[in-house]
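Engineer: Below are the structure tokens for one structure; questions will follow.
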Amino acid sequence: MNLILDIFPYAIAYTMPLLAAALGGLYSERSGVVNIGLEGLMVMGMFVSAITIAAFEPAIAVWTLARCQARGIDIVASPAEYQAIFNHFHAMVLWIGVLAGTLGATIFSLLHAFASVTLKANQVISGTAINMIAGAITVFLARTISGSGNISIKLGFLRGDVPVLSKIPLLGRLFFSQTYATTWLVLLILVVSWLLIYRTPFGLRLRSCGEHPQTADAAGINVYRVRYIAVMLSGAMAGLAGSVMLVTYAGEFTGSVAGMGFLALAALIFGQWKPLGILGATFFFGIAATIANVAPGIPRLSSIPEWILRIFPYVVTLVALMLFSKTSQAPRASGEAFDKGKR
Amino acid sequence: MNRARDLFTALMAVFLGLVAGAIFMTAIGANPFAGFFYLFRGGLMSISRIGDTLSTATTLILTGLAVAFAFRTGLFNIGVAGQMLVGGLVATMLALTIGESMPKYLFIPLVLVCSMLAGALWAGIAGLLKAAFNVHEVVATIMLNWTAFWVVDYIIPTFFKAGLETESRTILSDASMRMDWMNRLFDGSHVNFGLFVSISAVIIIAIILDKTVLGYELKAVGFNHHAAEYAGIDVARNVTLAMAISGALAGLAGATYYTGYTLNMQIGVMPTAGFDGIAVALLGANSPWGVLAAALFFGILHAGKGLMGANTSIPPEIGDTIIATIIYFAATSILFFKLFDYLKKKFKKGGQA
């Protein structure tokens, strides 16, 4: 039991970027556009976020000193107050980075929207091009900026306990202790996404474009517009995912997100294109990956060879897909370009 | 499809990709003419550099063929990297165990057959899951990629490590695909027997696709699997078979790459050639000869990066950036045709007035 309590925060930290990216994929696929470029969009988000934070980092100390002077705080006599102000500006810079990463990937996703919606190009090929462009150009630029291909940030978000709720026995320790602020943002987006997709006119339009775009068009819905919005939302979510990875556990941009985008794609299908299914699938990956990471140090688990634990989530996903894919809930028109002239 | 149109698309995409590369070079304050001069010089200036280009192209030809072959049957094999790992692992294991005590003319065919089988089995799983359970091959092959990745991560350090935990022992020249006469001919370059393997594969795949019943059935499934089924073609069998053949080609890529080029196997690395194969297949319009040409072109870009990096301030990633841009332009090629139609119309109107 203690083991579960100990690894839970790590599992959640690993799950959140995956969840954000998979939700991004959900918007896109529900509108009928396959977005295999999630990986590249995550890389782009992580990159933009990293250069933004790296650019603002030197300013944190300057702002803190200025604020201290303005308030007449003696930084030698009261280091705690200095630290509090520093933390405030530090968090602000990180949030600016997350926002920049989200926006950067949103703009980048327009390349995919233009190719797959306007030009009706093969969506899988366009997505592959997105992955390749992101992987190449970010490292190209990073090398020009920093000399090496990597950009590291000095300090990410600090973990914190949620006031009051973290005092609840058991549940408090599982869900409300040692959490990142970004975790709550992603969970909030999950709830909003569910409401948006199932409880609003926009959600109904989105789903209809993914199921039968010709009917949607006949009903007066602008399919092109809905698909553009959906692809941009997927870019925003994937960019957020990359940024969250950077400011929580990664701490450094290295030119790749190690297959997280593709894993998100698998979680989307594993979760049967539904927000709550996706939550379950991504959390499963999060727990499985964390167990494999910590297993060598835990007596009861160290007897299981590490490689078995490592391949476990992938094999389970394959088996699960085998069982569920016959009755697949995939959006009907996913992957098909919409042509107004075709009925 | 229309060959002339495919060729035009490819050339246009390459041209625009190079223009984009020039823009990026200019953007970071480098001279694009110098950049391209050293890039192409680095891939072609001497017999040993041509050898480097060919040895890079060897792997790309095989991975490109693997992707292209699956595409022709309407399947997207994004798992070439994993199949390469599995094929390469089998080849490396053979080379480090029985390879040194066998004559080379027997050993190389053995390695080729075993790595083909390994790759075919690995990709065949995805094919079977697609055929029997409707599991999307993209997700299945991605899962199999990571499974292969961790299997290699276990086997290499446990059974074949040398000094370092992260790589296998070096394969001796007796058990590798390097050939003394080829090394001499190409002035010490890493070009190896894999080159003949890859060119033979191009010819064989071209024959299978264009001259056999099997190829006809596979392509029919790729064009419209409902129609193919209606015509009496066994779709499930063809899907499984197409993935297996694609995996066999990827397995060959792994064997020639690890026992011919790197001569050892590192853990923790997905071979990038597996993903570059997608680009090769797309630029080559999924035809075997197109793949050959595209792989040679990308081989020049990869081999020339070093010389460009030594003589200019341009980072080596410009090669990958150009390749990625080419693929985007190939994907959006319809834009060129629309543009030409528009210009044609405009020109005609102008003539009448």
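How things are named: the first chain in the structure tokens is A, the next is B, and so on; residues count from 1 in each chain; ligands count from 1 in the order shown.
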Would you list which chain A residues are within 6 Å of chain B using only C-alpha atoms, as a ChimeraX atom specification?
Structural biologist: /A:115,121,126,129,132-133,136-137,140,266,307,311,314,322,325-326
Engineer: Leaving out B:Ala175 and any residue of its chain fewer than 6 positions from it, which residues lie within 10 Å of it when counting only C-alpha atoms, given as a ChimeraX atom specification?
Structural biologist: /B:91-92,94-104,107-108,111,259-260,263
Engineer: Take atom CA of B:Leu75 and atom CA of A:Leu206 and report the distance between them in Å, one decimal.
Structural biologist: 27.2 Å
Engineer: Which neighbours of B:Thr256 fall inside 12 Å, counting only C-alpha atoms, when residues of the same chain fewer than 3 positions from it are skipped, and could you give them as a PDB file with C-alpha atoms, in the first residue's frame?
Structural biologist:
```pdb
ATOM      1  CA  SER B  55      26.231   2.889 -47.350  1.00  0.00           C
ATOM      2  CA  THR B  56      23.679   5.341 -45.910  1.00  0.00           C
ATOM      3  CA  ALA B  57      21.469   4.763 -48.927  1.00  0.00           C
ATOM      4  CA  THR B  58      21.691   0.965 -48.444  1.00  0.00           C
ATOM      5  CA  THR B  59      19.644   1.160 -45.252  1.00  0.00           C
ATOM      6  CA  LEU B  60      17.293   3.799 -46.636  1.00  0.00           C
ATOM      7  CA  ILE B  61      16.568   1.750 -49.764  1.00  0.00           C
ATOM      8  CA  LEU B  62      15.477  -1.223 -47.642  1.00  0.00           C
ATOM      9  CA  THR B  63      13.433   0.767 -45.099  1.00  0.00           C
ATOM     10  CA  MET B  84      14.814  -3.253 -38.010  1.00  0.00           C
ATOM     11  CA  LEU B  85      15.730  -3.707 -34.358  1.00  0.00           C
ATOM     12  CA  GLY B  87      16.149  -8.211 -37.564  1.00  0.00           C
ATOM     13  CA  GLY B  88      19.320  -6.477 -36.448  1.00  0.00           C
ATOM     14  CA  LEU B  89      19.208  -8.181 -33.058  1.00  0.00           C
ATOM     15  CA  VAL B  90      18.969 -11.626 -34.632  1.00  0.00           C
ATOM     16  CA  ALA B  91      21.800 -10.784 -37.042  1.00  0.00           C
ATOM     17  CA  THR B  92      23.981  -9.394 -34.251  1.00  0.00           C
ATOM     18  CA  ALA B  95      27.390 -12.752 -35.731  1.00  0.00           C
ATOM     19  CA  ILE B 108      25.851 -14.104 -44.834  1.00  0.00           C
ATOM     20  CA  PRO B 109      22.954 -15.962 -46.488  1.00  0.00           C
ATOM     21  CA  VAL B 111      22.028 -13.998 -41.463  1.00  0.00           C
ATOM     22  CA  LEU B 112      19.926 -12.586 -44.292  1.00  0.00           C
ATOM     23  CA  VAL B 113      17.351 -15.381 -44.087  1.00  0.00           C
ATOM     24  CA  SER B 115      16.788 -11.495 -40.072  1.00  0.00           C
ATOM     25  CA  MET B 116      14.139 -11.546 -42.817  1.00  0.00           C
ATOM     26  CA  ALA B 175      31.259 -12.198 -39.296  1.00  0.00           C
ATOM     27  CA  SER B 176      30.274  -8.808 -40.737  1.00  0.00           C
ATOM     28  CA  MET B 177      28.912  -7.792 -44.116  1.00  0.00           C
ATOM     29  CA  ARG B 178      31.991  -5.703 -44.843  1.00  0.00           C
ATOM     30  CA  HIS B 190      31.866   1.567 -44.794  1.00  0.00           C
ATOM     31  CA  VAL B 191      30.090   0.447 -47.950  1.00  0.00           C
ATOM     32  CA  ASN B 192      29.249  -3.257 -47.574  1.00  0.00           C
ATOM     33  CA  PHE B 193      27.514  -6.303 -48.993  1.00  0.00           C
ATOM     34  CA  GLY B 194      24.177  -4.790 -47.953  1.00  0.00           C
ATOM     35  CA  LEU B 195      24.340  -2.619 -51.077  1.00  0.00           C
ATOM     36  CA  PHE B 196      23.835  -5.700 -53.267  1.00  0.00           C
ATOM     37  CA  VAL B 197      21.110  -6.928 -50.932  1.00  0.00           C
ATOM     38  CA  SER B 198      19.223  -3.655 -51.221  1.00  0.00           C
ATOM     39  CA  LEU B 249      12.571  -5.941 -45.862  1.00  0.00           C
ATOM     40  CA  ALA B 250      12.879  -4.005 -42.593  1.00  0.00           C
ATOM     41  CA  GLY B 251      14.621  -7.012 -41.040  1.00  0.00           C
ATOM     42  CA  LEU B 252      17.138  -6.976 -43.904  1.00  0.00           C
ATOM     43  CA  ALA B 253      17.664  -3.268 -43.267  1.00  0.00           C
ATOM     44  CA  THR B 259      26.342  -6.101 -39.040  1.00  0.00           C
ATOM     45  CA  GLY B 260      27.510  -4.096 -42.058  1.00  0.00           C
ATOM     46  CA  TYR B 261      27.580  -0.463 -41.015  1.00  0.00           C
ATOM     47  CA  THR B 262      27.735   0.116 -37.231  1.00  0.00           C
ATOM     48  CA  LEU B 263      29.266  -3.320 -36.428  1.00  0.00           C
ATOM     49  CA  ASN B 264      27.704  -3.284 -32.983  1.00  0.00           C
ATOM     50  CA  MET B 265      24.301  -2.714 -31.450  1.00  0.00           C
TER      51      MET B 265
END
```
Engineer: Which is closest to A:Leu321 among B:Arg5, B:Glu137, B:Ile207, B:Leu110, if we use only C-alpha atoms?
Structural biologist: B:Glu137
Engineer: Tell me, as a ChimeraX atom specification, which residues lie within 12 Å of A:Ala289, counting only C-alpha atoms; anything in the same chain fewer than 3 positions away does not count.
Structural biologist: /A:7-8,10-15,18,260,263,282-286,292-295,306-314
Engineer: Those same residues, written as a tab-separated table (two decimals), in the first residue's frame with N, CA, C and O atoms?
Structural biologist:
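Everything below was put into part-v4.tsv:
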```
chain	number	residue	atom	x	y	z
A	7	ILE	N	4.42	5.88	-5.30
A	7	ILE	CA	4.61	6.08	-6.73
A	7	ILE	C	3.49	6.88	-7.37
A	7	ILE	O	3.61	7.37	-8.49
A	8	PHE	N	2.37	7.04	-6.67
A	8	PHE	CA	1.22	7.72	-7.25
A	8	PHE	C	1.56	9.10	-7.83
A	8	PHE	O	1.20	9.38	-8.98
A	10	TYR	N	4.27	10.27	-9.01
A	10	TYR	CA	5.07	10.14	-10.23
A	10	TYR	C	4.21	9.66	-11.40
A	10	TYR	O	4.35	10.13	-12.53
A	11	ALA	N	3.35	8.70	-11.09
A	11	ALA	CA	2.47	8.19	-12.14
A	11	ALA	C	1.59	9.29	-12.68
A	11	ALA	O	1.39	9.41	-13.89
A	12	ILE	N	1.06	10.13	-11.78
A	12	ILE	CA	0.19	11.22	-12.23
A	12	ILE	C	0.99	12.22	-13.06
A	12	ILE	O	0.53	12.67	-14.11
A	13	ALA	N	2.21	12.52	-12.62
A	13	ALA	CA	3.04	13.47	-13.37
A	13	ALA	C	3.30	12.95	-14.78
A	13	ALA	O	3.28	13.72	-15.74
A	14	TYR	N	3.49	11.64	-14.92
A	14	TYR	CA	3.76	11.06	-16.23
A	14	TYR	C	2.49	11.03	-17.08
A	14	TYR	O	2.54	11.16	-18.30
A	15	THR	N	1.35	10.83	-16.40
A	15	THR	CA	0.09	10.70	-17.13
A	15	THR	C	-0.35	12.00	-17.79
A	15	THR	O	-0.88	11.98	-18.90
A	18	LEU	N	0.53	12.99	-21.37
A	18	LEU	CA	-0.07	11.98	-22.24
A	18	LEU	C	-1.56	12.25	-22.41
A	18	LEU	O	-2.11	12.20	-23.52
A	260	MET	N	6.08	9.89	-26.81
A	260	MET	CA	4.87	10.18	-26.02
A	260	MET	C	3.68	10.51	-26.92
A	260	MET	O	2.54	10.17	-26.60
A	263	LEU	N	2.30	7.35	-28.20
A	263	LEU	CA	1.64	6.65	-27.10
A	263	LEU	C	0.27	7.28	-26.84
A	263	LEU	O	-0.71	6.58	-26.56
A	282	THR	N	-4.60	6.54	-20.41
A	282	THR	CA	-3.35	7.26	-20.14
A	282	THR	C	-2.87	6.98	-18.72
A	282	THR	O	-1.67	6.84	-18.48
A	283	PHE	N	-3.82	6.88	-17.78
A	283	PHE	CA	-3.42	6.60	-16.41
A	283	PHE	C	-2.81	5.20	-16.30
A	283	PHE	O	-1.84	4.99	-15.56
A	284	PHE	N	-3.36	4.28	-17.07
A	284	PHE	CA	-2.77	2.94	-17.11
A	284	PHE	C	-1.32	2.99	-17.58
A	284	PHE	O	-0.42	2.40	-16.97
A	285	PHE	N	-1.07	3.75	-18.67
A	285	PHE	CA	0.31	3.89	-19.15
A	285	PHE	C	1.19	4.55	-18.08
A	285	PHE	O	2.35	4.18	-17.88
A	286	GLY	N	0.62	5.55	-17.41
A	286	GLY	CA	1.38	6.27	-16.39
A	286	GLY	C	1.80	5.35	-15.26
A	286	GLY	O	2.97	5.34	-14.85
A	292	ALA	N	7.65	0.33	-13.76
A	292	ALA	CA	8.87	-0.16	-14.41
A	292	ALA	C	10.08	0.70	-14.01
A	292	ALA	O	11.19	0.18	-13.84
A	293	ASN	N	9.85	2.01	-13.83
A	293	ASN	CA	10.96	2.89	-13.46
A	293	ASN	C	11.49	2.61	-12.06
A	293	ASN	O	12.69	2.66	-11.82
A	294	VAL	N	10.57	2.34	-11.10
A	294	VAL	CA	11.01	2.22	-9.72
A	294	VAL	C	11.28	0.77	-9.32
A	294	VAL	O	11.88	0.54	-8.26
A	295	ALA	N	10.86	-0.20	-10.15
A	295	ALA	CA	10.91	-1.61	-9.75
A	295	ALA	C	12.28	-2.09	-9.24
A	295	ALA	O	12.33	-2.81	-8.25
A	306	GLU	N	13.27	-6.48	-15.42
A	306	GLU	CA	12.81	-5.14	-15.78
A	306	GLU	C	12.16	-5.11	-17.16
A	306	GLU	O	11.17	-4.41	-17.36
A	307	TRP	N	12.72	-5.87	-18.10
A	307	TRP	CA	12.20	-5.77	-19.47
A	307	TRP	C	10.76	-6.26	-19.56
A	307	TRP	O	9.97	-5.75	-20.37
A	308	ILE	N	10.38	-7.21	-18.70
A	308	ILE	CA	8.99	-7.68	-18.68
A	308	ILE	C	8.07	-6.53	-18.25
A	308	ILE	O	7.03	-6.28	-18.88
A	309	LEU	N	8.50	-5.80	-17.22
A	309	LEU	CA	7.71	-4.67	-16.77
A	309	LEU	C	7.64	-3.59	-17.84
A	309	LEU	O	6.63	-2.92	-18.01
A	310	ARG	N	8.76	-3.41	-18.58
A	310	ARG	CA	8.81	-2.37	-19.61
A	310	ARG	C	7.86	-2.67	-20.77
A	310	ARG	O	7.20	-1.76	-21.28
A	311	ILE	N	7.84	-3.93	-21.20
A	311	ILE	CA	7.00	-4.22	-22.37
A	311	ILE	C	5.54	-4.46	-21.96
A	311	ILE	O	4.65	-4.47	-22.81
A	312	PHE	N	5.30	-4.62	-20.66
A	312	PHE	CA	3.97	-4.93	-20.16
A	312	PHE	C	2.88	-3.99	-20.72
A	312	PHE	O	1.89	-4.46	-21.29
A	313	PRO	N	3.03	-2.64	-20.59
A	313	PRO	CA	1.93	-1.79	-21.07
A	313	PRO	C	1.67	-1.94	-22.56
A	313	PRO	O	0.51	-1.88	-23.00
A	314	TYR	N	2.73	-2.15	-23.35
A	314	TYR	CA	2.54	-2.26	-24.80
A	314	TYR	C	1.83	-3.55	-25.16
A	314	TYR	O	0.95	-3.57	-26.03
```
Engineer: Can you pull out every residue within 9 Å of stretch 227-239 of chain B, counting only C-alpha atoms, but drop anything in the same chain fewer than 5 positions away, and send it as a PDB file with all heavy atoms, in the first residue's frame?
Structural biologist:
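Contents of the output file part_19.pdb:
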```
ATOM      1  N   ALA B  70       4.180  -1.829 -48.053  1.00  0.00           N
ATOM      2  CA  ALA B  70       2.971  -1.842 -47.229  1.00  0.00           C
ATOM      3  C   ALA B  70       1.959  -0.816 -47.739  1.00  0.00           C
ATOM      4  O   ALA B  70       0.759  -1.088 -47.804  1.00  0.00           O
ATOM      5  CB  ALA B  70       3.313  -1.569 -45.769  1.00  0.00           C
ATOM      6  N   THR B  73      -0.394  -1.867 -50.429  1.00  0.00           N
ATOM      7  CA  THR B  73      -1.534  -2.681 -50.007  1.00  0.00           C
ATOM      8  C   THR B  73      -2.436  -1.873 -49.071  1.00  0.00           C
ATOM      9  O   THR B  73      -3.307  -2.422 -48.413  1.00  0.00           O
ATOM     10  CB  THR B  73      -1.027  -3.961 -49.313  1.00  0.00           C
ATOM     11  OG1 THR B  73       0.017  -4.507 -50.101  1.00  0.00           O
ATOM     12  CG2 THR B  73      -2.115  -5.001 -49.187  1.00  0.00           C
ATOM     13  N   GLY B  74      -2.204  -0.566 -49.016  1.00  0.00           N
ATOM     14  CA  GLY B  74      -3.058   0.289 -48.211  1.00  0.00           C
ATOM     15  C   GLY B  74      -2.745   0.242 -46.734  1.00  0.00           C
ATOM     16  O   GLY B  74      -3.582   0.583 -45.908  1.00  0.00           O
ATOM     17  N   LEU B  75      -1.533  -0.209 -46.377  1.00  0.00           N
ATOM     18  CA  LEU B  75      -1.150  -0.295 -44.966  1.00  0.00           C
ATOM     19  C   LEU B  75      -0.033   0.692 -44.683  1.00  0.00           C
ATOM     20  O   LEU B  75       0.856   0.884 -45.509  1.00  0.00           O
ATOM     21  CB  LEU B  75      -0.643  -1.708 -44.638  1.00  0.00           C
ATOM     22  CG  LEU B  75      -1.643  -2.843 -44.821  1.00  0.00           C
ATOM     23  CD1 LEU B  75      -0.914  -4.170 -44.888  1.00  0.00           C
ATOM     24  CD2 LEU B  75      -2.636  -2.839 -43.674  1.00  0.00           C
ATOM     25  N   GLY B 127       0.125  -7.442 -38.892  1.00  0.00           N
ATOM     26  CA  GLY B 127      -0.713  -7.799 -40.033  1.00  0.00           C
ATOM     27  C   GLY B 127      -1.851  -8.716 -39.627  1.00  0.00           C
ATOM     28  O   GLY B 127      -3.003  -8.529 -40.021  1.00  0.00           O
ATOM     29  N   LEU B 128      -1.509  -9.698 -38.806  1.00  0.00           N
ATOM     30  CA  LEU B 128      -2.506 -10.657 -38.345  1.00  0.00           C
ATOM     31  C   LEU B 128      -3.567  -9.970 -37.485  1.00  0.00           C
ATOM     32  O   LEU B 128      -4.767 -10.220 -37.626  1.00  0.00           O
ATOM     33  CB  LEU B 128      -1.808 -11.754 -37.539  1.00  0.00           C
ATOM     34  CG  LEU B 128      -2.569 -13.063 -37.368  1.00  0.00           C
ATOM     35  CD1 LEU B 128      -2.788 -13.724 -38.712  1.00  0.00           C
ATOM     36  CD2 LEU B 128      -1.804 -13.999 -36.442  1.00  0.00           C
ATOM     37  N   LYS B 130      -4.449  -6.929 -37.651  1.00  0.00           N
ATOM     38  CA  LYS B 130      -5.279  -6.130 -38.554  1.00  0.00           C
ATOM     39  C   LYS B 130      -6.288  -7.025 -39.273  1.00  0.00           C
ATOM     40  O   LYS B 130      -7.477  -6.732 -39.351  1.00  0.00           O
ATOM     41  CB  LYS B 130      -4.382  -5.427 -39.575  1.00  0.00           C
ATOM     42  CG  LYS B 130      -5.122  -4.763 -40.720  1.00  0.00           C
ATOM     43  CD  LYS B 130      -5.385  -3.330 -40.415  1.00  0.00           C
ATOM     44  CE  LYS B 130      -6.066  -2.633 -41.582  1.00  0.00           C
ATOM     45  NZ  LYS B 130      -6.286  -1.226 -41.295  1.00  0.00           N
ATOM     46  N   ALA B 131      -5.777  -8.152 -39.801  1.00  0.00           N
ATOM     47  CA  ALA B 131      -6.630  -9.015 -40.610  1.00  0.00           C
ATOM     48  C   ALA B 131      -7.709  -9.689 -39.757  1.00  0.00           C
ATOM     49  O   ALA B 131      -8.863  -9.772 -40.160  1.00  0.00           O
ATOM     50  CB  ALA B 131      -5.776 -10.067 -41.314  1.00  0.00           C
ATOM     51  N   ALA B 132      -7.330 -10.178 -38.577  1.00  0.00           N
ATOM     52  CA  ALA B 132      -8.261 -10.986 -37.804  1.00  0.00           C
ATOM     53  C   ALA B 132      -9.079 -10.168 -36.810  1.00  0.00           C
ATOM     54  O   ALA B 132     -10.222 -10.516 -36.524  1.00  0.00           O
ATOM     55  CB  ALA B 132      -7.487 -12.080 -37.060  1.00  0.00           C
ATOM     56  N   LEU B 214       0.413 -12.384 -57.030  1.00  0.00           N
ATOM     57  CA  LEU B 214       0.469 -11.885 -55.660  1.00  0.00           C
ATOM     58  C   LEU B 214       0.478 -10.355 -55.637  1.00  0.00           C
ATOM     59  O   LEU B 214      -0.303  -9.724 -54.917  1.00  0.00           O
ATOM     60  CB  LEU B 214       1.730 -12.423 -54.964  1.00  0.00           C
ATOM     61  CG  LEU B 214       2.023 -11.842 -53.581  1.00  0.00           C
ATOM     62  CD1 LEU B 214       0.990 -12.295 -52.576  1.00  0.00           C
ATOM     63  CD2 LEU B 214       3.422 -12.219 -53.114  1.00  0.00           C
ATOM     64  N   GLU B 217      -2.849  -8.905 -56.586  1.00  0.00           N
ATOM     65  CA  GLU B 217      -3.832  -9.009 -55.505  1.00  0.00           C
ATOM     66  C   GLU B 217      -3.555  -7.982 -54.418  1.00  0.00           C
ATOM     67  O   GLU B 217      -4.473  -7.332 -53.907  1.00  0.00           O
ATOM     68  CB  GLU B 217      -3.808 -10.425 -54.904  1.00  0.00           C
ATOM     69  CG  GLU B 217      -4.386 -11.472 -55.839  1.00  0.00           C
ATOM     70  CD  GLU B 217      -4.736 -12.765 -55.127  1.00  0.00           C
ATOM     71  OE1 GLU B 217      -4.511 -12.879 -53.910  1.00  0.00           O
ATOM     72  OE2 GLU B 217      -5.242 -13.663 -55.805  1.00  0.00           O
ATOM     73  N   LEU B 218      -2.262  -7.842 -54.056  1.00  0.00           N
ATOM     74  CA  LEU B 218      -1.898  -6.888 -53.009  1.00  0.00           C
ATOM     75  C   LEU B 218      -2.313  -5.474 -53.405  1.00  0.00           C
ATOM     76  O   LEU B 218      -2.891  -4.726 -52.614  1.00  0.00           O
ATOM     77  CB  LEU B 218      -0.397  -6.938 -52.741  1.00  0.00           C
ATOM     78  CG  LEU B 218       0.138  -8.202 -52.059  1.00  0.00           C
ATOM     79  CD1 LEU B 218       1.654  -8.217 -52.066  1.00  0.00           C
ATOM     80  CD2 LEU B 218      -0.377  -8.301 -50.636  1.00  0.00           C
ATOM     81  N   ALA B 220      -4.590  -4.664 -55.546  1.00  0.00           N
ATOM     82  CA  ALA B 220      -6.055  -4.583 -55.600  1.00  0.00           C
ATOM     83  C   ALA B 220      -6.619  -4.307 -54.211  1.00  0.00           C
ATOM     84  O   ALA B 220      -7.517  -3.472 -54.041  1.00  0.00           O
ATOM     85  CB  ALA B 220      -6.627  -5.889 -56.157  1.00  0.00           C
ATOM     86  N   VAL B 221      -6.066  -4.991 -53.207  1.00  0.00           N
ATOM     87  CA  VAL B 221      -6.500  -4.747 -51.823  1.00  0.00           C
ATOM     88  C   VAL B 221      -6.210  -3.299 -51.441  1.00  0.00           C
ATOM     89  O   VAL B 221      -7.007  -2.639 -50.777  1.00  0.00           O
ATOM     90  CB  VAL B 221      -5.795  -5.729 -50.851  1.00  0.00           C
ATOM     91  CG1 VAL B 221      -6.093  -5.365 -49.404  1.00  0.00           C
ATOM     92  CG2 VAL B 221      -6.247  -7.154 -51.132  1.00  0.00           C
ATOM     93  N   GLY B 222      -5.059  -2.795 -51.891  1.00  0.00           N
ATOM     94  CA  GLY B 222      -4.681  -1.431 -51.569  1.00  0.00           C
ATOM     95  C   GLY B 222      -5.595  -0.402 -52.203  1.00  0.00           C
ATOM     96  O   GLY B 222      -5.950   0.596 -51.582  1.00  0.00           O
ATOM     97  N   ALA B 244       4.036  -8.901 -43.527  1.00  0.00           N
ATOM     98  CA  ALA B 244       5.173  -9.798 -43.317  1.00  0.00           C
ATOM     99  C   ALA B 244       6.298  -9.482 -44.304  1.00  0.00           C
ATOM    100  O   ALA B 244       7.476  -9.422 -43.924  1.00  0.00           O
ATOM    101  CB  ALA B 244       4.733 -11.246 -43.442  1.00  0.00           C
TER     102      ALA B 244
END
```
Engineer: What's around A:Gly45 at 12 Å? Count only C-alpha atoms, leave out sequence neighbours fewer than 3 positions away in its own chain, and write the answer as an NGL selection string.
Structural biologist: :A and (17 or 21 or 38-42 or 48-52 or 97-109 or 134-135 or 138 or 234-247 or 253 or 255-257 or 261)
Engineer: Give me, as an mmCIF file with N, CA, C and O atoms, in the first residue's frame, all polymer residues having an atom no more than 9 Å from A:Ile36, counting only C-alpha atoms and skipping those fewer than 5 positions away in the same chain.
Structural biologist:
```cif
data_model
loop_
_atom_site.group_PDB
_atom_site.id
_atom_site.type_symbol
_atom_site.label_atom_id
_atom_site.label_comp_id
_atom_site.auth_asym_id
_atom_site.auth_seq_id
_atom_site.Cartn_x
_atom_site.Cartn_y
_atom_site.Cartn_z
ATOM 1 N N GLY A 25 -5.664 14.792 -29.672
ATOM 2 C CA GLY A 25 -5.983 13.846 -30.739
ATOM 3 C C GLY A 25 -7.475 13.606 -30.838
ATOM 4 O O GLY A 25 -8.033 13.436 -31.921
ATOM 5 N N GLN A 123 -3.887 12.515 -44.873
ATOM 6 C CA GLN A 123 -3.691 13.043 -43.519
ATOM 7 C C GLN A 123 -2.536 12.364 -42.795
ATOM 8 O O GLN A 123 -1.851 12.988 -41.985
ATOM 9 N N VAL A 124 -2.337 11.081 -43.092
ATOM 10 C CA VAL A 124 -1.249 10.363 -42.428
ATOM 11 C C VAL A 124 0.100 10.889 -42.921
ATOM 12 O O VAL A 124 1.032 11.100 -42.142
ATOM 13 N N ILE A 125 0.181 11.167 -44.216
ATOM 14 C CA ILE A 125 1.439 11.678 -44.764
ATOM 15 C C ILE A 125 1.717 13.075 -44.224
ATOM 16 O O ILE A 125 2.828 13.392 -43.797
ATOM 17 N N SER A 126 0.667 13.900 -44.205
ATOM 18 C CA SER A 126 0.856 15.253 -43.682
ATOM 19 C C SER A 126 1.290 15.212 -42.217
ATOM 20 O O SER A 126 2.186 15.945 -41.803
ATOM 21 N N GLY A 127 0.676 14.321 -41.433
ATOM 22 C CA GLY A 127 1.051 14.200 -40.027
ATOM 23 C C GLY A 127 2.483 13.735 -39.862
ATOM 24 O O GLY A 127 3.220 14.226 -38.996
ATOM 25 N N THR A 128 2.896 12.806 -40.725
ATOM 26 C CA THR A 128 4.280 12.342 -40.686
ATOM 27 C C THR A 128 5.232 13.489 -40.994
ATOM 28 O O THR A 128 6.277 13.648 -40.355
ATOM 29 N N ILE A 130 4.659 16.592 -40.405
ATOM 30 C CA ILE A 130 4.663 17.444 -39.211
ATOM 31 C C ILE A 130 5.688 16.919 -38.202
ATOM 32 O O ILE A 130 6.494 17.674 -37.656
ATOM 33 N N ASN A 131 5.659 15.607 -37.968
ATOM 34 C CA ASN A 131 6.609 15.004 -37.028
ATOM 35 C C ASN A 131 8.043 15.254 -37.465
ATOM 36 O O ASN A 131 8.911 15.593 -36.666
ATOM 37 N N GLY A 261 3.939 11.195 -28.028
ATOM 38 C CA GLY A 261 2.849 11.553 -28.934
ATOM 39 C C GLY A 261 2.206 10.323 -29.546
ATOM 40 O O GLY A 261 0.983 10.236 -29.677
ATOM 41 N N PHE A 262 3.039 9.356 -29.913
ATOM 42 C CA PHE A 262 2.510 8.120 -30.484
ATOM 43 C C PHE A 262 1.777 7.311 -29.425
ATOM 44 O O PHE A 262 0.752 6.678 -29.702
ATOM 45 N N LEU A 265 -1.558 8.670 -29.058
ATOM 46 C CA LEU A 265 -2.405 8.197 -30.155
ATOM 47 C C LEU A 265 -2.966 6.816 -29.822
ATOM 48 O O LEU A 265 -4.155 6.529 -30.042
#
```
Engineer: How many Å lie between atom CA of A:Leu23 and atom CA of A:Leu185, rounded to one decimal?
Structural biologist: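 Between atom CA of A:Leu23 and atom CA of A:Leu185 the gap is 13.1 Å.
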